[in-house]
file final00.txt (compact mmCIF, C-alpha atoms and all ligand atoms)
# COMPACT_ATOMS: atom_id res chain seq x y z
CA MET A 424 115.53 24.09 -12.44
CA GLU A 425 115.33 27.74 -13.32
CA GLN A 426 114.71 30.20 -10.46
CA THR A 427 111.30 31.44 -11.68
CA ALA A 428 110.06 27.88 -12.09
CA ARG A 429 111.26 27.04 -8.59
CA GLU A 430 109.50 30.13 -7.19
CA LEU A 431 106.24 29.21 -8.95
CA LEU A 432 106.38 25.63 -7.67
CA ASP A 433 107.03 26.92 -4.17
CA LEU A 434 104.01 29.26 -4.45
CA SER A 435 101.92 26.37 -5.77
CA GLN A 436 102.90 24.24 -2.76
CA GLN A 437 102.05 27.15 -0.44
CA LEU A 438 98.66 27.37 -2.14
CA LEU A 439 97.98 23.65 -1.62
CA ASP A 440 99.13 23.91 2.00
CA SER A 441 96.76 26.84 2.56
CA ILE A 442 93.88 24.72 1.22
CA ASP A 443 94.77 21.68 3.34
CA GLN A 444 95.21 23.82 6.45
CA GLN A 445 92.09 25.92 5.67
CA ASP A 446 94.27 29.03 5.93
CA TRP A 447 92.02 31.57 4.23
CA GLU A 448 94.43 34.48 4.82
CA ALA A 449 97.24 32.66 2.99
CA TYR A 450 94.92 31.51 0.19
CA THR A 451 93.60 35.03 -0.47
CA ARG A 452 97.14 36.45 -0.36
CA LEU A 453 98.17 34.07 -3.16
CA CYS A 454 95.02 34.43 -5.30
CA ASP A 455 93.65 37.21 -7.45
CA SER A 456 90.21 38.21 -6.14
CA GLU A 457 88.79 37.44 -9.60
CA LEU A 458 90.13 33.89 -9.63
CA THR A 459 88.31 31.59 -12.06
CA ALA A 460 88.19 27.83 -11.84
CA PHE A 461 86.85 24.52 -12.97
CA GLU A 462 86.92 21.91 -10.21
CA PRO A 463 84.79 18.87 -9.38
CA GLU A 464 82.93 20.76 -6.62
CA GLY A 465 81.59 23.15 -9.27
CA VAL A 466 79.81 20.27 -11.07
CA GLY A 467 80.63 21.62 -14.53
CA ASN A 468 80.21 25.33 -13.81
CA VAL A 469 82.97 27.86 -14.15
CA ILE A 470 83.58 29.37 -10.71
CA LYS A 471 84.32 33.09 -10.52
CA GLY A 472 85.65 34.91 -7.49
CA MET A 473 86.42 33.71 -4.00
CA ALA A 474 83.06 33.13 -2.28
CA PHE A 475 82.64 29.58 -3.62
CA HIS A 476 86.07 28.63 -2.26
CA LYS A 477 85.53 30.32 1.13
CA PHE A 478 82.67 27.93 1.89
CA TYR A 479 85.20 25.06 2.13
CA PHE A 480 87.67 27.05 4.22
CA ASP A 481 84.91 27.81 6.75
CA LEU A 482 83.86 24.16 7.23
CA ASP A 483 84.75 22.40 10.48
CA ALA A 484 87.10 19.70 9.21
CA SER A 485 87.71 18.51 12.81
CA GLY A 486 91.47 18.98 12.62
CA LEU A 487 92.23 15.63 11.00
CA PRO A 488 95.55 15.90 9.16
CA LYS A 489 95.76 16.12 5.39
CA GLN A 490 98.47 17.14 2.98
CA SER A 491 99.03 17.50 -0.75
CA GLY A 492 102.17 16.85 -2.77
CA ILE A 493 103.10 17.98 -6.26
CA SER A 494 104.15 15.19 -8.61
CA SER A 495 105.54 15.42 -12.17
CA PRO A 496 105.36 19.24 -12.40
CA LEU A 497 105.79 21.24 -15.59
CA VAL A 498 106.24 25.01 -15.55
CA ARG A 499 105.87 27.21 -18.61
CA VAL A 500 106.46 30.95 -18.29
CA ILE A 501 104.89 33.12 -21.03
CA GLY A 502 105.75 36.76 -20.40
CA ASP A 503 104.00 37.84 -17.19
CA CYS A 504 101.98 34.61 -17.03
CA ALA A 505 102.88 31.07 -16.11
CA VAL A 506 101.16 27.72 -16.57
CA ILE A 507 101.88 25.07 -13.94
CA THR A 508 100.67 21.50 -14.47
CA TYR A 509 101.16 18.56 -12.11
CA ILE A 510 99.48 15.67 -10.37
CA ARG A 511 98.31 16.60 -6.87
CA VAL A 512 98.60 13.64 -4.54
CA CYS A 513 96.38 14.07 -1.47
CA GLN A 514 96.73 12.13 1.77
CA ARG A 515 94.33 12.40 4.69
CA LEU A 516 93.35 10.69 7.91
CA ASN A 517 89.63 9.98 8.22
CA SER A 518 87.80 9.79 11.54
CA ASP A 519 87.40 5.99 11.08
CA GLY A 520 91.21 5.63 11.04
CA SER A 521 91.49 5.02 7.31
CA VAL A 522 94.17 6.93 5.44
CA PRO A 523 93.05 7.18 1.81
CA SER A 524 95.12 8.82 -0.91
CA SER A 525 93.65 10.48 -3.98
CA ALA A 526 95.10 12.18 -7.04
CA PHE A 527 94.05 15.12 -9.20
CA GLU A 528 95.28 16.61 -12.45
CA GLU A 529 95.78 20.33 -11.80
CA THR A 530 96.57 23.19 -14.16
CA ARG A 531 97.14 26.50 -12.40
CA ILE A 532 97.72 29.86 -14.09
CA TRP A 533 99.67 32.62 -12.39
CA GLU A 534 100.08 36.25 -13.44
CA LYS A 535 102.78 38.61 -12.28
CA LYS A 536 101.08 41.81 -11.08
CA ASP A 537 103.05 44.69 -9.55
CA GLY A 538 106.03 42.36 -9.09
CA GLU A 539 104.07 39.59 -7.33
CA TRP A 540 102.74 36.30 -8.70
CA LYS A 541 98.96 35.95 -8.26
CA HIS A 542 96.97 32.82 -8.94
CA ILE A 543 94.32 33.71 -11.54
CA HIS A 544 92.82 30.43 -12.84
CA PHE A 545 92.89 26.70 -12.24
CA HIS A 546 91.40 23.48 -13.55
CA ARG A 547 91.28 20.39 -11.34
CA SER A 548 90.06 16.95 -12.43
CA HIS A 549 90.21 13.51 -10.83
CA ALA A 550 93.36 11.87 -12.18
CA GLY A 551 92.63 9.55 -15.06
CA ALA A 552 88.94 10.55 -15.22
N1 LIG B 601 89.49 24.52 -4.27
C1 LIG B 601 90.43 25.55 -4.17
C2 LIG B 601 91.64 25.34 -4.99
O1 LIG B 601 91.92 24.22 -5.40
O2 LIG B 601 92.33 26.31 -5.26
call {"tool": "encode", "arguments": {"input": "final00.txt", "output": "structure tokens"}}
result
Amino acid sequence: MEQTARELLDLSQQLLDSIDQQDWEAYTRLCDSELTAFEPEGVGNVIKGMAFHKFYFDLDASGLPKQSGISSPLVRVIGDCAVITYIRVCQRLNSDGSVPSSAFEETRIWEKKDGEWKHIHFHRSHAGA
């Protein structure tokens, strides 16, 4: 795999880790402050900026472990932008001891600004929906 693609996949994994670990500092370091998004939590609305996302980082998730993996990734670099698509496979432990997995289709757009990749847009849907 080409070096830029590898770097972008590594950044994408860091982004997912920051979400799972509710690490707001890491998430904001990776994202453009004008991030836009479609995701199920937005119930059909385009989400602009970071405040909507911060709500979930501030929740008390009681420390139960969760993690996300990237499956079947594709990376397309177009000048200073890149489109990353993959299936996000989520695992988590619930307080009742169950360990459900779920999967999402994710498209994430990155833009290189001042030599650094910033996450500028994403679209997340339940896999197969
Ligand atoms: N819900 C935040 C993200 O997927 O980037």
call {"tool": "residues_near_ligand", "arguments": {"input": "final00.txt", "ligand": "ligand LIG 601 (chain B)", "cutoff": "12 Å", "atoms": "all atoms listed in the file", "output": "ChimeraX atom specification"}}
result
/A:435-447,449-451,453-455,458-465,470-480,491,511,513,527-532,542-548
call {"tool": "write_last_selection", "arguments": {"input": "final00.txt", "atoms": "C-alpha atoms", "output": "PDB file, keeping the file's coordinate frame"}}
result
ATOM      1  CA  SER A 435     101.920  26.370  -5.770  1.00  0.00           C
ATOM      2  CA  GLN A 436     102.900  24.240  -2.760  1.00  0.00           C
ATOM      3  CA  GLN A 437     102.050  27.150  -0.440  1.00  0.00           C
ATOM      4  CA  LEU A 438      98.660  27.370  -2.140  1.00  0.00           C
ATOM      5  CA  LEU A 439      97.980  23.650  -1.620  1.00  0.00           C
ATOM      6  CA  ASP A 440      99.130  23.910   2.000  1.00  0.00           C
ATOM      7  CA  SER A 441      96.760  26.840   2.560  1.00  0.00           C
ATOM      8  CA  ILE A 442      93.880  24.720   1.220  1.00  0.00           C
ATOM      9  CA  ASP A 443      94.770  21.680   3.340  1.00  0.00           C
ATOM     10  CA  GLN A 444      95.210  23.820   6.450  1.00  0.00           C
ATOM     11  CA  GLN A 445      92.090  25.920   5.670  1.00  0.00           C
ATOM     12  CA  ASP A 446      94.270  29.030   5.930  1.00  0.00           C
ATOM     13  CA  TRP A 447      92.020  31.570   4.230  1.00  0.00           C
ATOM     14  CA  ALA A 449      97.240  32.660   2.990  1.00  0.00           C
ATOM     15  CA  TYR A 450      94.920  31.510   0.190  1.00  0.00           C
ATOM     16  CA  THR A 451      93.600  35.030  -0.470  1.00  0.00           C
ATOM     17  CA  LEU A 453      98.170  34.070  -3.160  1.00  0.00           C
ATOM     18  CA  CYS A 454      95.020  34.430  -5.300  1.00  0.00           C
ATOM     19  CA  ASP A 455      93.650  37.210  -7.450  1.00  0.00           C
ATOM     20  CA  LEU A 458      90.130  33.890  -9.630  1.00  0.00           C
ATOM     21  CA  THR A 459      88.310  31.590 -12.060  1.00  0.00           C
ATOM     22  CA  ALA A 460      88.190  27.830 -11.840  1.00  0.00           C
ATOM     23  CA  PHE A 461      86.850  24.520 -12.970  1.00  0.00           C
ATOM     24  CA  GLU A 462      86.920  21.910 -10.210  1.00  0.00           C
ATOM     25  CA  PRO A 463      84.790  18.870  -9.380  1.00  0.00           C
ATOM     26  CA  GLU A 464      82.930  20.760  -6.620  1.00  0.00           C
ATOM     27  CA  GLY A 465      81.590  23.150  -9.270  1.00  0.00           C
ATOM     28  CA  ILE A 470      83.580  29.370 -10.710  1.00  0.00           C
ATOM     29  CA  LYS A 471      84.320  33.090 -10.520  1.00  0.00           C
ATOM     30  CA  GLY A 472      85.650  34.910  -7.490  1.00  0.00           C
ATOM     31  CA  MET A 473      86.420  33.710  -4.000  1.00  0.00           C
ATOM     32  CA  ALA A 474      83.060  33.130  -2.280  1.00  0.00           C
ATOM     33  CA  PHE A 475      82.640  29.580  -3.620  1.00  0.00           C
ATOM     34  CA  HIS A 476      86.070  28.630  -2.260  1.00  0.00           C
ATOM     35  CA  LYS A 477      85.530  30.320   1.130  1.00  0.00           C
ATOM     36  CA  PHE A 478      82.670  27.930   1.890  1.00  0.00           C
ATOM     37  CA  TYR A 479      85.200  25.060   2.130  1.00  0.00           C
ATOM     38  CA  PHE A 480      87.670  27.050   4.220  1.00  0.00           C
ATOM     39  CA  SER A 491      99.030  17.500  -0.750  1.00  0.00           C
ATOM     40  CA  ARG A 511      98.310  16.600  -6.870  1.00  0.00           C
ATOM     41  CA  CYS A 513      96.380  14.070  -1.470  1.00  0.00           C
ATOM     42  CA  PHE A 527      94.050  15.120  -9.200  1.00  0.00           C
ATOM     43  CA  GLU A 528      95.280  16.610 -12.450  1.00  0.00           C
ATOM     44  CA  GLU A 529      95.780  20.330 -11.800  1.00  0.00           C
ATOM     45  CA  THR A 530      96.570  23.190 -14.160  1.00  0.00           C
ATOM     46  CA  ARG A 531      97.140  26.500 -12.400  1.00  0.00           C
ATOM     47  CA  ILE A 532      97.720  29.860 -14.090  1.00  0.00           C
ATOM     48  CA  HIS A 542      96.970  32.820  -8.940  1.00  0.00           C
ATOM     49  CA  ILE A 543      94.320  33.710 -11.540  1.00  0.00           C
ATOM     50  CA  HIS A 544      92.820  30.430 -12.840  1.00  0.00           C
ATOM     51  CA  PHE A 545      92.890  26.700 -12.240  1.00  0.00           C
ATOM     52  CA  HIS A 546      91.400  23.480 -13.550  1.00  0.00           C
ATOM     53  CA  ARG A 547      91.280  20.390 -11.340  1.00  0.00           C
ATOM     54  CA  SER A 548      90.060  16.950 -12.430  1.00  0.00           C
TER      55      SER A 548
END
call {"tool": "atom_distance", "arguments": {"input": "final00.txt", "atom1": "CA of Gln514 in chain A", "atom2": "CA of Glu430 in chain A"}}
result
23.8 Å
call {"tool": "residues_around", "arguments": {"input": "final00.txt", "residues": "Tyr509 in chain A", "least_positions_apart": "2", "cutoff": "6 Å", "atoms": "only C-alpha atoms", "output": "PyMOL selection string"}}
result
chain A and resi 494-496+529
call {"tool": "axis_aligned_box", "arguments": {"input": "final00.txt", "around": "range 497-503 of chain A", "padding_each_side": "6 Å", "output": "JSON"}}
result
{"center_x": 105.2, "center_y": 29.5, "center_z": -18.3, "size_x": 14.5, "size_y": 28.6, "size_z": 17.5}
call {"tool": "atom_distance", "arguments": {"input": "final00.txt", "atom1": "CA of Gly551 in chain A", "atom2": "CA of Val469 in chain A"}}
result
20.7 Å
call {"tool": "closest_residue", "arguments": {"input": "final00.txt", "among": "A:Ala552, A:Leu487, A:Ile507, A:Val500", "to": "Leu432 in chain A", "atoms": "all atoms listed in the file"}}
result
A:Ile507
call {"tool": "closest_residue", "arguments": {"input": "final00.txt", "among": "A:Ser524, A:Gln426, A:Glu534, A:Ser518", "to": "Val506 in chain A", "atoms": "all atoms listed in the file"}}
result
A:Glu534
call {"tool": "closest_residue", "arguments": {"input": "final00.txt", "among": "A:Trp533, A:Arg452, A:His549, A:Arg515", "to": "Val498 in chain A", "atoms": "only C-alpha atoms"}}
result
A:Trp533
call {"tool": "closest_residue", "arguments": {"input": "final00.txt", "among": "A:Ala484, A:Glu448, A:Ala550, A:Asp537", "to": "Ile510 in chain A", "atoms": "only C-alpha atoms"}}
result
A:Ala550
call {"tool": "residues_around", "arguments": {"input": "final00.txt", "residues": "Asn517 in chain A", "least_positions_apart": "6", "cutoff": "10 Å", "atoms": "only C-alpha atoms", "output": "PyMOL selection string"}}
result
chain A and resi 485+487-489+523
call {"tool": "atom_distance", "arguments": {"input": "final00.txt", "atom1": "CA of Leu434 in chain A", "atom2": "CA of Trp540 in chain A"}}
result
8.3 Å
